[in-house]
>>> print(open('start-v5.txt').read())   # compact mmCIF, C-alpha atoms and all ligand atoms
# COMPACT_ATOMS: atom_id res chain seq x y z
CA MET A 365 160.02 207.54 49.77
CA LYS A 366 158.52 205.04 47.32
CA THR A 367 155.17 205.88 45.73
CA VAL A 368 152.33 204.43 47.75
CA TYR A 369 148.79 204.11 46.44
CA ASN A 370 146.18 203.92 49.16
CA PHE A 371 143.17 201.76 48.26
CA SER A 372 141.63 201.90 51.73
CA ALA A 373 137.84 201.86 52.03
CA GLY A 374 138.05 204.56 54.69
CA PRO A 375 139.57 206.68 56.09
CA ALA A 376 140.82 206.96 52.57
CA VAL A 377 143.18 208.70 50.20
CA LEU A 378 143.02 212.52 50.11
CA PRO A 379 144.20 214.72 47.25
CA LYS A 380 147.91 215.32 47.61
CA SER A 381 147.56 219.04 46.90
CA VAL A 382 145.07 219.31 49.78
CA LEU A 383 147.50 217.68 52.19
CA GLU A 384 150.24 220.02 51.00
CA LYS A 385 148.03 223.04 51.59
CA VAL A 386 147.22 221.77 55.11
CA GLN A 387 150.93 221.42 55.75
CA GLN A 388 151.69 224.91 54.43
CA GLU A 389 149.01 226.55 56.56
CA LEU A 390 149.31 224.36 59.62
CA LEU A 391 151.21 226.79 61.86
CA ASP A 392 149.71 230.01 60.59
CA TYR A 393 146.21 230.03 59.17
CA GLU A 394 145.88 232.97 56.79
CA GLY A 395 148.04 235.32 58.78
CA THR A 396 146.30 234.74 62.12
CA GLY A 397 149.54 233.46 63.64
CA MET A 398 147.60 230.45 64.90
CA SER A 399 146.87 226.99 63.60
CA VAL A 400 143.37 226.43 62.30
CA MET A 401 143.15 223.80 65.07
CA GLU A 402 143.54 226.54 67.65
CA LEU A 403 140.88 228.91 66.35
CA SER A 404 137.66 229.41 68.26
CA HIS A 405 134.71 227.93 66.43
CA ARG A 406 133.01 231.29 67.06
CA SER A 407 135.82 233.29 65.43
CA ALA A 408 135.45 235.11 62.12
CA PRO A 409 138.04 232.95 60.30
CA PHE A 410 136.30 229.74 61.32
CA GLN A 411 132.90 231.19 60.47
CA GLN A 412 134.25 231.78 56.97
CA ILE A 413 135.49 228.20 56.77
CA ILE A 414 132.19 226.58 57.73
CA GLU A 415 130.12 228.94 55.60
CA GLY A 416 132.54 228.46 52.71
CA ALA A 417 132.28 224.68 53.02
CA GLU A 418 128.50 224.83 52.92
CA ALA A 419 128.46 227.22 49.96
CA LEU A 420 130.84 225.00 47.99
CA LEU A 421 128.82 221.86 48.67
CA ARG A 422 125.65 223.69 47.63
CA GLU A 423 127.32 224.81 44.43
CA LEU A 424 128.88 221.46 43.55
CA LEU A 425 125.68 219.47 44.07
CA SER A 426 123.25 222.24 43.02
CA ILE A 427 121.47 221.80 46.34
CA PRO A 428 118.04 223.45 46.13
CA GLU A 429 117.08 226.28 48.51
CA ASP A 430 114.63 224.14 50.44
CA TYR A 431 117.40 221.93 51.86
CA HIS A 432 119.62 222.47 54.87
CA VAL A 433 123.28 221.42 54.89
CA LEU A 434 124.41 220.22 58.32
CA PHE A 435 127.82 219.30 59.75
CA MET A 436 127.67 216.79 62.58
CA GLN A 437 129.78 214.22 64.42
CA GLY A 438 129.25 210.53 65.16
CA GLY A 439 129.78 209.30 61.62
CA ALA A 440 127.22 207.77 59.33
CA SER A 441 126.59 205.30 62.15
CA LEU A 442 125.05 207.97 64.37
CA GLN A 443 122.77 208.90 61.49
CA PHE A 444 121.41 205.34 61.65
CA SER A 445 119.98 206.38 65.04
CA MET A 446 119.20 210.04 64.35
CA ILE A 447 117.09 209.34 61.29
CA PRO A 448 114.44 207.23 63.05
CA LEU A 449 114.62 209.40 66.18
CA ASN A 450 113.69 212.43 64.07
CA LEU A 451 111.49 210.96 61.37
CA LEU A 452 109.76 207.91 62.81
CA GLY A 453 107.03 208.63 65.35
CA PRO A 454 104.89 206.22 67.39
CA GLY A 455 102.64 204.08 65.23
CA GLN A 456 104.47 205.10 62.05
CA THR A 457 106.43 202.81 59.72
CA ALA A 458 109.67 203.25 57.79
CA GLU A 459 110.88 201.02 54.95
CA TYR A 460 114.47 199.88 54.53
CA ILE A 461 115.98 198.33 51.43
CA LEU A 462 118.65 195.93 52.66
CA THR A 463 121.51 195.65 50.20
CA GLY A 464 124.42 194.82 52.48
CA SER A 465 126.19 195.19 55.81
CA TRP A 466 125.66 198.94 56.23
CA SER A 467 121.94 198.85 55.58
CA ASP A 468 121.68 195.91 58.01
CA LYS A 469 123.26 198.13 60.65
CA ALA A 470 121.00 201.06 59.79
CA VAL A 471 117.81 199.04 60.12
CA LYS A 472 118.83 197.66 63.52
CA GLU A 473 118.77 201.17 64.96
CA ALA A 474 115.44 202.02 63.35
CA ASP A 475 114.00 198.82 64.82
CA LYS A 476 114.72 200.15 68.29
CA VAL A 477 112.72 203.30 67.61
CA GLY A 478 109.66 202.23 65.64
CA GLU A 479 108.02 199.95 63.12
CA VAL A 480 110.12 198.90 60.17
CA ARG A 481 109.31 197.05 56.97
CA THR A 482 112.27 195.61 55.10
CA HIS A 483 113.00 194.71 51.49
CA LYS A 484 115.92 192.32 51.39
CA VAL A 485 117.75 191.83 48.10
CA GLU A 486 118.02 188.19 46.96
CA THR A 487 121.73 188.41 46.34
CA GLN A 488 124.28 190.92 47.53
CA THR A 489 125.76 191.11 44.04
CA ALA A 490 122.78 192.86 42.41
CA ILE A 491 120.12 195.45 43.28
CA PRO A 492 116.69 195.25 41.61
CA SER A 493 114.67 198.34 40.65
CA TYR A 494 111.94 199.61 42.94
CA SER A 495 108.91 201.74 42.23
CA ALA A 496 106.26 203.45 44.38
CA LYS A 497 104.07 200.33 44.36
CA ASP A 498 106.72 198.46 46.35
CA PHE A 499 106.17 200.77 49.33
CA SER A 500 103.15 201.38 51.50
CA GLU A 501 101.75 204.85 50.87
CA ASN A 502 101.92 205.95 54.47
CA ALA A 503 105.56 205.01 55.06
CA GLN A 504 107.45 207.86 56.74
CA TYR A 505 110.51 207.31 54.61
CA VAL A 506 112.35 204.74 52.49
CA HIS A 507 116.00 204.20 53.42
CA ILE A 508 118.68 203.01 51.01
CA THR A 509 122.46 202.57 51.05
CA SER A 510 123.11 204.02 47.62
CA ASN A 511 126.65 202.62 47.30
CA ASN A 512 127.54 199.47 49.21
CA THR A 513 131.12 199.90 50.27
CA ILE A 514 131.68 196.28 51.28
CA GLU A 515 129.75 194.45 48.55
CA GLY A 516 130.81 196.82 45.73
CA THR A 517 127.29 197.47 44.47
CA ARG A 518 125.31 200.60 43.73
CA PHE A 519 121.77 201.44 42.70
CA ASN A 520 121.32 201.82 38.99
CA GLY A 521 118.54 204.42 39.11
CA TYR A 522 117.11 205.37 42.49
CA PRO A 523 113.78 203.95 43.70
CA GLU A 524 110.66 205.87 42.74
CA THR A 525 108.96 206.55 46.06
CA GLY A 526 106.21 208.99 45.08
CA ASP A 527 105.58 211.36 47.99
CA ILE A 528 107.54 209.27 50.49
CA PRO A 529 110.89 210.87 51.37
CA LEU A 530 113.85 208.86 50.11
CA VAL A 531 116.72 208.74 52.62
CA ALA A 532 120.16 207.70 51.38
CA ASP A 533 123.43 206.75 53.03
CA MET A 534 125.89 208.08 50.43
CA SER A 535 128.98 207.76 52.62
CA SER A 536 131.09 205.96 50.06
CA HIS A 537 130.14 207.77 46.85
CA ILE A 538 128.87 211.28 47.54
CA LEU A 539 130.35 213.72 44.98
CA SER A 540 131.56 210.86 42.79
CA GLU A 541 128.86 211.31 40.15
CA LYS A 542 126.05 213.67 39.19
CA LEU A 543 123.17 213.72 41.63
CA ASP A 544 119.67 215.16 41.62
CA VAL A 545 119.31 216.16 45.26
CA SER A 546 115.62 216.98 44.80
CA ARG A 547 114.89 213.24 44.50
CA PHE A 548 115.79 212.82 48.18
CA GLY A 549 114.40 213.84 51.54
CA LEU A 550 117.71 213.28 53.30
CA ILE A 551 121.23 212.44 52.13
CA TYR A 552 124.01 211.73 54.62
CA ALA A 553 127.66 210.77 54.49
CA GLY A 554 130.58 210.30 56.84
CA ALA A 555 133.37 212.43 55.38
CA GLN A 556 136.24 209.96 55.49
CA LYS A 557 135.68 208.37 52.08
CA ASN A 558 135.02 211.08 49.54
CA LEU A 559 134.81 214.35 51.44
CA GLY A 560 137.70 214.69 53.85
CA PRO A 561 139.08 213.24 57.06
CA SER A 562 137.07 211.31 59.64
CA GLY A 563 135.26 213.24 62.35
CA VAL A 564 132.64 215.14 60.38
CA THR A 565 129.39 213.89 58.91
CA VAL A 566 127.40 215.81 56.32
CA ALA A 567 123.62 215.75 56.00
CA ILE A 568 121.52 217.40 53.32
CA ILE A 569 117.96 217.48 54.59
CA ARG A 570 114.75 218.86 53.10
CA LYS A 571 113.44 221.65 55.30
CA ASP A 572 110.02 220.12 55.96
CA LEU A 573 111.67 217.06 57.55
CA VAL A 574 113.22 219.12 60.32
CA GLY A 575 111.36 219.93 63.52
CA ASN A 576 109.41 216.71 63.94
CA ALA A 577 111.51 215.05 66.65
CA PRO A 578 109.73 214.13 69.90
CA ASP A 579 110.38 216.22 73.04
CA HIS A 580 112.48 213.49 74.62
CA CYS A 581 114.95 213.52 71.72
CA PRO A 582 118.42 214.49 73.06
CA VAL A 583 119.38 217.94 71.87
CA LEU A 584 122.45 216.77 69.89
CA LEU A 585 120.43 214.08 68.14
CA ASN A 586 117.83 216.54 66.90
CA TYR A 587 118.41 217.93 63.38
CA GLU A 588 116.65 221.13 64.44
CA THR A 589 119.51 221.94 66.84
CA TYR A 590 122.00 221.97 63.96
CA VAL A 591 119.66 223.99 61.76
CA LYS A 592 118.98 226.65 64.40
CA HIS A 593 122.66 227.09 65.27
CA GLY A 594 124.30 226.74 61.86
CA SER A 595 125.94 223.47 63.03
CA LEU A 596 127.56 225.46 65.87
CA PHE A 597 125.41 224.56 68.88
CA ASN A 598 128.48 222.99 70.43
CA THR A 599 132.07 222.73 69.23
CA PRO A 600 132.11 221.10 65.80
CA PRO A 601 135.10 219.13 64.46
CA THR A 602 136.77 222.30 63.26
CA PHE A 603 139.89 220.79 61.71
CA ALA A 604 137.89 218.16 59.79
CA ILE A 605 135.56 220.85 58.43
CA TYR A 606 138.56 222.90 57.34
CA VAL A 607 140.04 219.96 55.41
CA LEU A 608 136.62 219.15 53.96
CA LYS A 609 136.44 222.68 52.59
CA LEU A 610 139.84 222.24 50.93
CA VAL A 611 138.66 218.96 49.38
CA LEU A 612 135.56 220.70 47.99
CA GLU A 613 137.79 223.42 46.49
CA TRP A 614 139.86 220.67 44.90
CA VAL A 615 136.72 219.05 43.43
CA LYS A 616 135.69 222.40 41.98
CA GLU A 617 139.14 223.02 40.47
CA ASN A 618 139.03 219.58 38.89
CA GLY A 619 135.83 219.94 36.93
CA GLY A 620 133.28 219.65 39.73
CA VAL A 621 131.14 216.58 40.12
CA GLU A 622 131.04 216.07 36.34
CA GLY A 623 134.83 216.06 36.22
CA MET A 624 134.91 213.57 39.09
CA GLU A 625 132.37 211.33 37.39
CA ALA A 626 134.28 211.23 34.09
CA ARG A 627 137.51 210.36 35.84
CA ASN A 628 135.85 207.82 38.14
CA GLN A 629 134.22 206.12 35.17
CA GLU A 630 137.57 205.91 33.40
CA LYS A 631 139.29 204.44 36.47
CA ALA A 632 136.53 201.92 37.12
CA ASP A 633 136.34 200.87 33.44
CA LEU A 634 140.07 200.24 33.43
CA LEU A 635 139.94 197.93 36.46
CA TYR A 636 136.69 196.12 35.61
CA SER A 637 137.67 195.49 32.00
CA TYR A 638 140.95 193.94 33.05
CA ILE A 639 139.29 191.81 35.76
CA ASP A 640 136.56 190.60 33.37
CA GLN A 641 139.05 189.23 30.85
CA SER A 642 141.40 187.86 33.49
CA GLY A 643 141.69 184.12 34.00
CA LEU A 644 142.78 184.67 37.61
CA PHE A 645 140.67 187.45 39.10
CA HIS A 646 136.91 187.71 39.34
CA ASN A 647 134.33 190.33 40.35
CA PRO A 648 130.88 188.87 41.05
CA VAL A 649 128.71 192.00 40.76
CA ARG A 650 126.05 192.34 38.07
CA GLU A 651 127.31 194.85 35.53
CA GLU A 652 124.63 197.53 35.94
CA ASN A 653 125.07 197.58 39.71
CA ARG A 654 128.83 197.80 39.82
CA SER A 655 130.18 200.48 42.13
CA LEU A 656 132.50 203.09 40.65
CA MET A 657 134.16 203.47 44.05
CA ASN A 658 134.62 200.05 45.67
CA ILE A 659 135.68 197.12 43.52
CA PRO A 660 135.94 193.75 45.25
CA PHE A 661 137.74 190.92 43.46
CA THR A 662 139.06 187.49 44.29
CA ALA A 663 141.64 185.19 42.78
CA THR A 664 140.88 181.53 42.20
CA ASP A 665 141.92 180.44 45.69
CA ASP A 666 142.80 181.77 49.14
CA GLU A 667 146.47 180.95 48.91
CA ILE A 668 146.74 183.13 45.79
CA ASN A 669 144.73 185.93 47.45
CA ALA A 670 147.15 185.97 50.37
CA ARG A 671 150.19 185.95 48.11
CA PHE A 672 148.75 188.70 45.93
CA LEU A 673 148.07 190.92 48.95
CA LYS A 674 151.57 190.39 50.31
CA GLU A 675 153.28 191.19 47.01
CA ALA A 676 150.98 194.14 46.33
CA LYS A 677 151.80 195.66 49.68
CA GLU A 678 155.52 195.26 49.05
CA ALA A 679 155.06 197.07 45.75
CA GLY A 680 153.29 200.04 47.41
CA PHE A 681 149.61 199.14 46.89
CA GLU A 682 148.15 199.57 50.37
CA PHE A 683 144.95 198.37 52.03
CA LEU A 684 143.78 196.10 49.22
CA LYS A 685 142.56 193.39 51.59
CA GLY A 686 138.85 192.75 51.11
CA HIS A 687 136.34 193.08 53.93
CA ARG A 688 136.30 189.91 56.02
CA SER A 689 132.67 189.21 55.07
CA VAL A 690 133.53 189.10 51.35
CA GLY A 691 137.16 187.94 51.39
CA GLY A 692 139.78 188.41 48.70
CA MET A 693 140.62 191.96 47.69
CA ARG A 694 138.87 195.29 47.38
CA ALA A 695 140.18 198.35 45.59
CA SER A 696 138.51 201.52 46.80
CA ILE A 697 139.14 204.13 44.13
CA TYR A 698 137.50 207.25 45.51
CA ASN A 699 137.66 210.70 43.89
CA ALA A 700 141.16 211.35 45.21
CA MET A 701 142.69 208.15 43.77
CA PRO A 702 144.66 209.31 40.74
CA LEU A 703 144.17 207.56 37.39
CA GLU A 704 147.85 206.68 37.58
CA GLY A 705 147.22 204.61 40.73
CA VAL A 706 144.62 202.46 38.97
CA LYS A 707 146.80 202.09 35.86
CA GLU A 708 149.69 200.89 37.97
CA LEU A 709 147.48 198.50 39.93
CA VAL A 710 146.21 196.95 36.70
CA GLU A 711 149.79 196.60 35.42
CA PHE A 712 150.77 194.94 38.69
CA MET A 713 147.79 192.54 38.47
CA LYS A 714 148.65 191.62 34.88
CA ASN A 715 152.24 190.84 35.80
CA PHE A 716 151.12 188.84 38.82
CA GLU A 717 148.71 186.83 36.66
CA LYS A 718 151.44 186.07 34.11
CA LYS A 719 153.66 184.58 36.80
CA GLN A 720 151.02 182.07 37.97
C1 LIG A 801 131.89 203.69 56.12
C2 LIG A 801 130.41 203.61 56.01
C3 LIG A 801 129.57 203.78 57.12
C4 LIG A 801 130.11 203.98 58.52
O1 LIG A 801 130.56 205.25 58.65
P1 LIG A 801 131.08 205.79 60.07
O2 LIG A 801 131.37 207.21 59.71
O3 LIG A 801 132.27 204.98 60.45
O4 LIG A 801 129.97 205.65 61.03
C5 LIG A 801 128.21 203.73 56.92
N1 LIG A 801 127.69 203.53 55.70
C6 LIG A 801 128.46 203.36 54.62
C7 LIG A 801 127.82 203.16 53.28
C8 LIG A 801 129.84 203.40 54.74
O5 LIG A 801 130.61 203.23 53.65
>>> encode(input="start-v5.txt", output="C-alpha cells", more="lines below")
Ligand SMILES: *Cc1c(COP(=O)(O)O)cnc(C)c1O
Amino acid sequence: MKTVYNFSAGPAVLPKSVLEKVQQELLDYEGTGMSVMELSHRSAPFQQIIEGAEALLRELLSIPEDYHVLFMQGGASLQFSMIPLNLLGPGQTAEYILTGSWSDKAVKEADKVGEVRTHKVETQTAIPSYSAKDFSENAQYVHITSNNTIEGTRFNGYPETGDIPLVADMSSHILSEKLDVSRFGLIYAGAQKNLGPSGVTVAIIRKDLVGNAPDHCPVLLNYETYVKHGSLFNTPPTFAIYVLKLVLEWVKENGGVEGMEARNQEKADLLYSYIDQSGLFHNPVREENRSLMNIPFTATDDEINARFLKEAKEAGFEFLKGHRSVGGMRASIYNAMPLEGVKELVEFMKNFEKKQ
C-alpha cells in the first residue's frame, strides 16, 4: 500500500496508533470477549470509558470545576439549535459574530428561536478584534466560530465580552492550541476533526448556564438532561466515545495540548512560508488570523488548480480540493496529521511549481 496523507476537512485523519489499537481490541475489549461496540452503555467497562474520556479532556484542557463536560449526538449543527433553545428566552437577544459559512448556519437557527444581533466581518479573510463595548450589556451570549474551517481564519485573541457568556464553535481546532476555558460560557465541537470519529459532539458548559431551557424544550435538546444523566439518558454513540478516549490518550502521550500546539505551529509555518514565497500558489488570509488547522490556497488559474489536484491525488495526497465556496485547494492539517505529511506536501508543491 502506498503512503496516503489525508488532508480532509472532516471526517479527518486519525492517529495511526489509535487505529491500530482499535483494530487490536476490536473483537475482544479488555478481556470481555466482546467488541466495545457490543457492550451495554450501562456496563462497567463502558462506564469506565466515558468517565475516562471526560477525565482526560478535563486534564488536557484544565477545565475548571464549575463546568460540565457533555457527550451528545447531532454534530456541531445540532448545537446551532440547542444553544438558542437553552440560552435565549422570549424577549432576550443574542449576538453572533459572522466570520464565515458555519457562523452563517449557526445564526439561522438562533433566528428561529429569538432575537439576534449580528456583527458581520467586512472580509472573510480577516477577523477584527472585539471588546465589551461592541456588545449590548444585556445580551444573553455572544457566539463565535473560533476557527473557520472553510475560510481558513481564526480569531487572534478572543472577544472581551465582560459578563456576557462567550459561546464558541471550536469544531475544527479544539485541542490544537492552549485554551483558557474560563473565558467561555460554552465551548462545543463535533468530534470528527480533532477529537475522534464522527457521531459524537462534545460540549463544555459553565454550570450556571444549564437549567434555563423552557418547559417545551424537547428532552434530548436540553443540556440539563445530559448533565443529570452523565450523558447517558439514552444510548450514546458508544464506539465514537471509545475512539475519542483513545485519541485523548494519544494527545496526552504526545505532550498534551502544548505538544500539539508546538507541532501544529511547525506544520503550519512550513506550509505558509512556502506558499508566501511561491510564484504559483497564494493564501489570501491576513497573517494574524491564519488558521493553524485549515489552509486554503489557490494557483494562478483554475486549469492549474484542477491539474494540481489530479496529480496530488495520484501521488497519495488525498482530499485537497478546496470547499466549493472558496475554490482551489485546502490542506486541513489537524493534530493527527504528521509533520512528515506536511513536509512531503510542500516538496510535492515545489516540484509541481518548477514544472510550470
Ligand atoms: C464541520 C463543522 C461544523 C459542522 O459539524 P457537524 O458535526 O457536521 O454538524 C460546524 N462548525 C464548524 C466550525 C465545523 O468545522
>>> closest_atom_pairs(input="start-v5.txt", of="chain A", to="ligand LIG 801 (chain A)", cutoff="8 Å", atoms="only C-alpha atoms and all ligand atoms", output="JSON lines")
{"residue": "A:Ala373", "atom": "CA", "partner": "A:LIG801", "partner_atom": "C1", "distance": 7.4}
{"residue": "A:Gly374", "atom": "CA", "partner": "A:LIG801", "partner_atom": "C1", "distance": 6.4}
{"residue": "A:Gly438", "atom": "CA", "partner": "A:LIG801", "partner_atom": "O4", "distance": 6.4}
{"residue": "A:Gly439", "atom": "CA", "partner": "A:LIG801", "partner_atom": "O2", "distance": 3.2}
{"residue": "A:Ala440", "atom": "CA", "partner": "A:LIG801", "partner_atom": "O4", "distance": 3.9}
{"residue": "A:Ser441", "atom": "CA", "partner": "A:LIG801", "partner_atom": "O4", "distance": 3.6}
{"residue": "A:Leu442", "atom": "CA", "partner": "A:LIG801", "partner_atom": "O4", "distance": 6.4}
{"residue": "A:Gln443", "atom": "CA", "partner": "A:LIG801", "partner_atom": "O4", "distance": 7.9}
{"residue": "A:Trp466", "atom": "CA", "partner": "A:LIG801", "partner_atom": "N1", "distance": 5.0}
{"residue": "A:Ser467", "atom": "CA", "partner": "A:LIG801", "partner_atom": "N1", "distance": 7.4}
{"residue": "A:Thr509", "atom": "CA", "partner": "A:LIG801", "partner_atom": "C7", "distance": 5.8}
{"residue": "A:Ser510", "atom": "CA", "partner": "A:LIG801", "partner_atom": "C7", "distance": 7.4}
{"residue": "A:Asn511", "atom": "CA", "partner": "A:LIG801", "partner_atom": "C7", "distance": 6.1}
{"residue": "A:Asn512", "atom": "CA", "partner": "A:LIG801", "partner_atom": "C7", "distance": 5.5}
{"residue": "A:Thr513", "atom": "CA", "partner": "A:LIG801", "partner_atom": "O5", "distance": 4.8}
{"residue": "A:Ile514", "atom": "CA", "partner": "A:LIG801", "partner_atom": "O5", "distance": 7.4}
{"residue": "A:Asp533", "atom": "CA", "partner": "A:LIG801", "partner_atom": "C7", "distance": 5.7}
{"residue": "A:Met534", "atom": "CA", "partner": "A:LIG801", "partner_atom": "C7", "distance": 6.0}
{"residue": "A:Ser535", "atom": "CA", "partner": "A:LIG801", "partner_atom": "C7", "distance": 4.8}
{"residue": "A:Ser536", "atom": "CA", "partner": "A:LIG801", "partner_atom": "O5", "distance": 4.5}
{"residue": "A:Ala553", "atom": "CA", "partner": "A:LIG801", "partner_atom": "O2", "distance": 7.3}
{"residue": "A:Gly554", "atom": "CA", "partner": "A:LIG801", "partner_atom": "O2", "distance": 4.3}
{"residue": "A:Ala555", "atom": "CA", "partner": "A:LIG801", "partner_atom": "O2", "distance": 7.1}
{"residue": "A:Gln556", "atom": "CA", "partner": "A:LIG801", "partner_atom": "O2", "distance": 7.0}
{"residue": "A:Lys557", "atom": "CA", "partner": "A:LIG801", "partner_atom": "C1", "distance": 7.3}
{"residue": "A:Ser562", "atom": "CA", "partner": "A:LIG801", "partner_atom": "O2", "distance": 7.0}
{"residue": "A:Gly563", "atom": "CA", "partner": "A:LIG801", "partner_atom": "O2", "distance": 7.6}
{"residue": "A:Thr565", "atom": "CA", "partner": "A:LIG801", "partner_atom": "O2", "distance": 7.0}
>>> closest_residue(input="start-v5.txt", among="A:His507, A:Leu530, A:Phe371, A:Leu462", to="Leu673 in chain A", atoms="all atoms listed in the file")
A:Phe371
>>> atom_distance(input="start-v5.txt", atom1="CA of Gln388 in chain A", atom2="CA of Glu704 in chain A")
25.1 Å
>>> residues_around(input="start-v5.txt", residues="Lys542 in chain A", least_positions_apart="5", cutoff="12 Å", atoms="all atoms listed in the file", output="short mmCIF file (atom, residue, chain, number, x, y, z; two decimals) with C-alpha atoms, keeping the file's coordinate frame")
data_model
loop_
_atom_site.label_atom_id
_atom_site.label_comp_id
_atom_site.auth_asym_id
_atom_site.auth_seq_id
_atom_site.Cartn_x
_atom_site.Cartn_y
_atom_site.Cartn_z
CA LEU A 424 128.88 221.46 43.55
CA LEU A 425 125.68 219.47 44.07
CA SER A 426 123.25 222.24 43.02
CA ILE A 427 121.47 221.80 46.34
CA GLY A 521 118.54 204.42 39.11
CA HIS A 537 130.14 207.77 46.85
CA GLY A 619 135.83 219.94 36.93
CA GLY A 620 133.28 219.65 39.73
CA VAL A 621 131.14 216.58 40.12
CA GLU A 622 131.04 216.07 36.34
CA GLY A 623 134.83 216.06 36.22
CA MET A 624 134.91 213.57 39.09
CA GLU A 625 132.37 211.33 37.39
CA ALA A 626 134.28 211.23 34.09
CA ASN A 628 135.85 207.82 38.14
CA GLN A 629 134.22 206.12 35.17
#
>>> closest_residue(input="start-v5.txt", among="A:Leu378, A:Ile551, A:Ala670, A:Leu703", to="Asp633 in chain A", atoms="all atoms listed in the file")
A:Leu703
>>> residues_around(input="start-v5.txt", residues="range 430-435 of chain A", least_positions_apart="2", cutoff="7 Å", atoms="all atoms listed in the file", output="short mmCIF file (atom, residue, chain, number, x, y, z; two decimals) with C-alpha atoms, in the coordinates of the input")
data_model
loop_
_atom_site.label_atom_id
_atom_site.label_comp_id
_atom_site.auth_asym_id
_atom_site.auth_seq_id
_atom_site.Cartn_x
_atom_site.Cartn_y
_atom_site.Cartn_z
CA GLU A 418 128.50 224.83 52.92
CA ILE A 427 121.47 221.80 46.34
CA PRO A 428 118.04 223.45 46.13
CA VAL A 564 132.64 215.14 60.38
CA THR A 565 129.39 213.89 58.91
CA VAL A 566 127.40 215.81 56.32
CA ALA A 567 123.62 215.75 56.00
CA ILE A 568 121.52 217.40 53.32
CA ILE A 569 117.96 217.48 54.59
CA ARG A 570 114.75 218.86 53.10
CA LYS A 571 113.44 221.65 55.30
CA TYR A 590 122.00 221.97 63.96
CA VAL A 591 119.66 223.99 61.76
CA SER A 595 125.94 223.47 63.03
#
>>> residues_near_point(input="start-v5.txt", point="(133.7, 228.1, 59.0)", cutoff="10 Å", atoms="all atoms listed in the file", output="list in words")
His405, Arg406, Ser407, Ala408, Pro409, Phe410, Gln411, Gln412, Ile413, Ile414, Glu415, Gly416, Ala417, Glu418, Gly594, Ser595, Leu596, Pro600, Thr602, Phe603, Ile605, Tyr606 and Lys609 of chain A
>>> closest_residue(input="start-v5.txt", among="A:Ser404, A:Lys616, A:Met436, A:Arg688", to="Ala419 in chain A", atoms="all atoms listed in the file")
A:Lys616
>>> atom_distance(input="start-v5.txt", atom1="CA of Leu656 in chain A", atom2="CA of Glu423 in chain A")
22.6 Å
>>> atom_distance(input="start-v5.txt", atom1="CA of Cys581 in chain A", atom2="CA of Ile528 in chain A")
22.9 Å
>>> axis_aligned_box(input="start-v5.txt", around="range 576-581 of chain A", padding_each_side="8 Å", output="AutoDock Vina command-line options")
--center_x 112.2 --center_y 215.1 --center_z 69.3 --size_x 21.5 --size_y 19.2 --size_z 26.7
>>> residues_around(input="start-v5.txt", residues="Gln456 in chain A", least_positions_apart="3", cutoff="10 Å", atoms="only C-alpha atoms", output="ChimeraX atom specification")
/A:451-453,478-480,502-505
>>> closest_residue(input="start-v5.txt", among="A:Ser372, A:Pro578, A:Asp498, A:Asn715", to="Leu684 in chain A", atoms="only C-alpha atoms")
A:Ser372
>>> closest_residue(input="start-v5.txt", among="A:Asn558, A:Ser642, A:Asn520, A:Gln488", to="Phe661 in chain A", atoms="only C-alpha atoms")
A:Ser642
>>> residues_near_point(input="start-v5.txt", point="(120.2, 197.9, 57.6)", cutoff="9 Å", atoms="all atoms listed in the file", output="PyMOL selection string")
chain A and resi 444+460-474+482+507-509
>>> closest_residue(input="start-v5.txt", among="A:Met446, A:Leu559, A:Gly395, A:Val545", to="Leu608 in chain A", atoms="all atoms listed in the file")
A:Leu559
>>> closest_atom_pairs(input="start-v5.txt", of="range 514-589 of chain A", to="range 647-654 of chain A", cutoff="10 Å", atoms="only C-alpha atoms", output="CSV")
residue,atom,partner,partner_atom,distance
A:Glu515,CA,A:Val649,CA,8.2
A:Gly516,CA,A:Arg654,CA,6.3
A:Thr517,CA,A:Arg654,CA,4.9
A:Arg518,CA,A:Asn653,CA,5.0
A:Phe519,CA,A:Asn653,CA,5.9
A:Asn520,CA,A:Asn653,CA,5.7
A:Gly521,CA,A:Asn653,CA,9.5
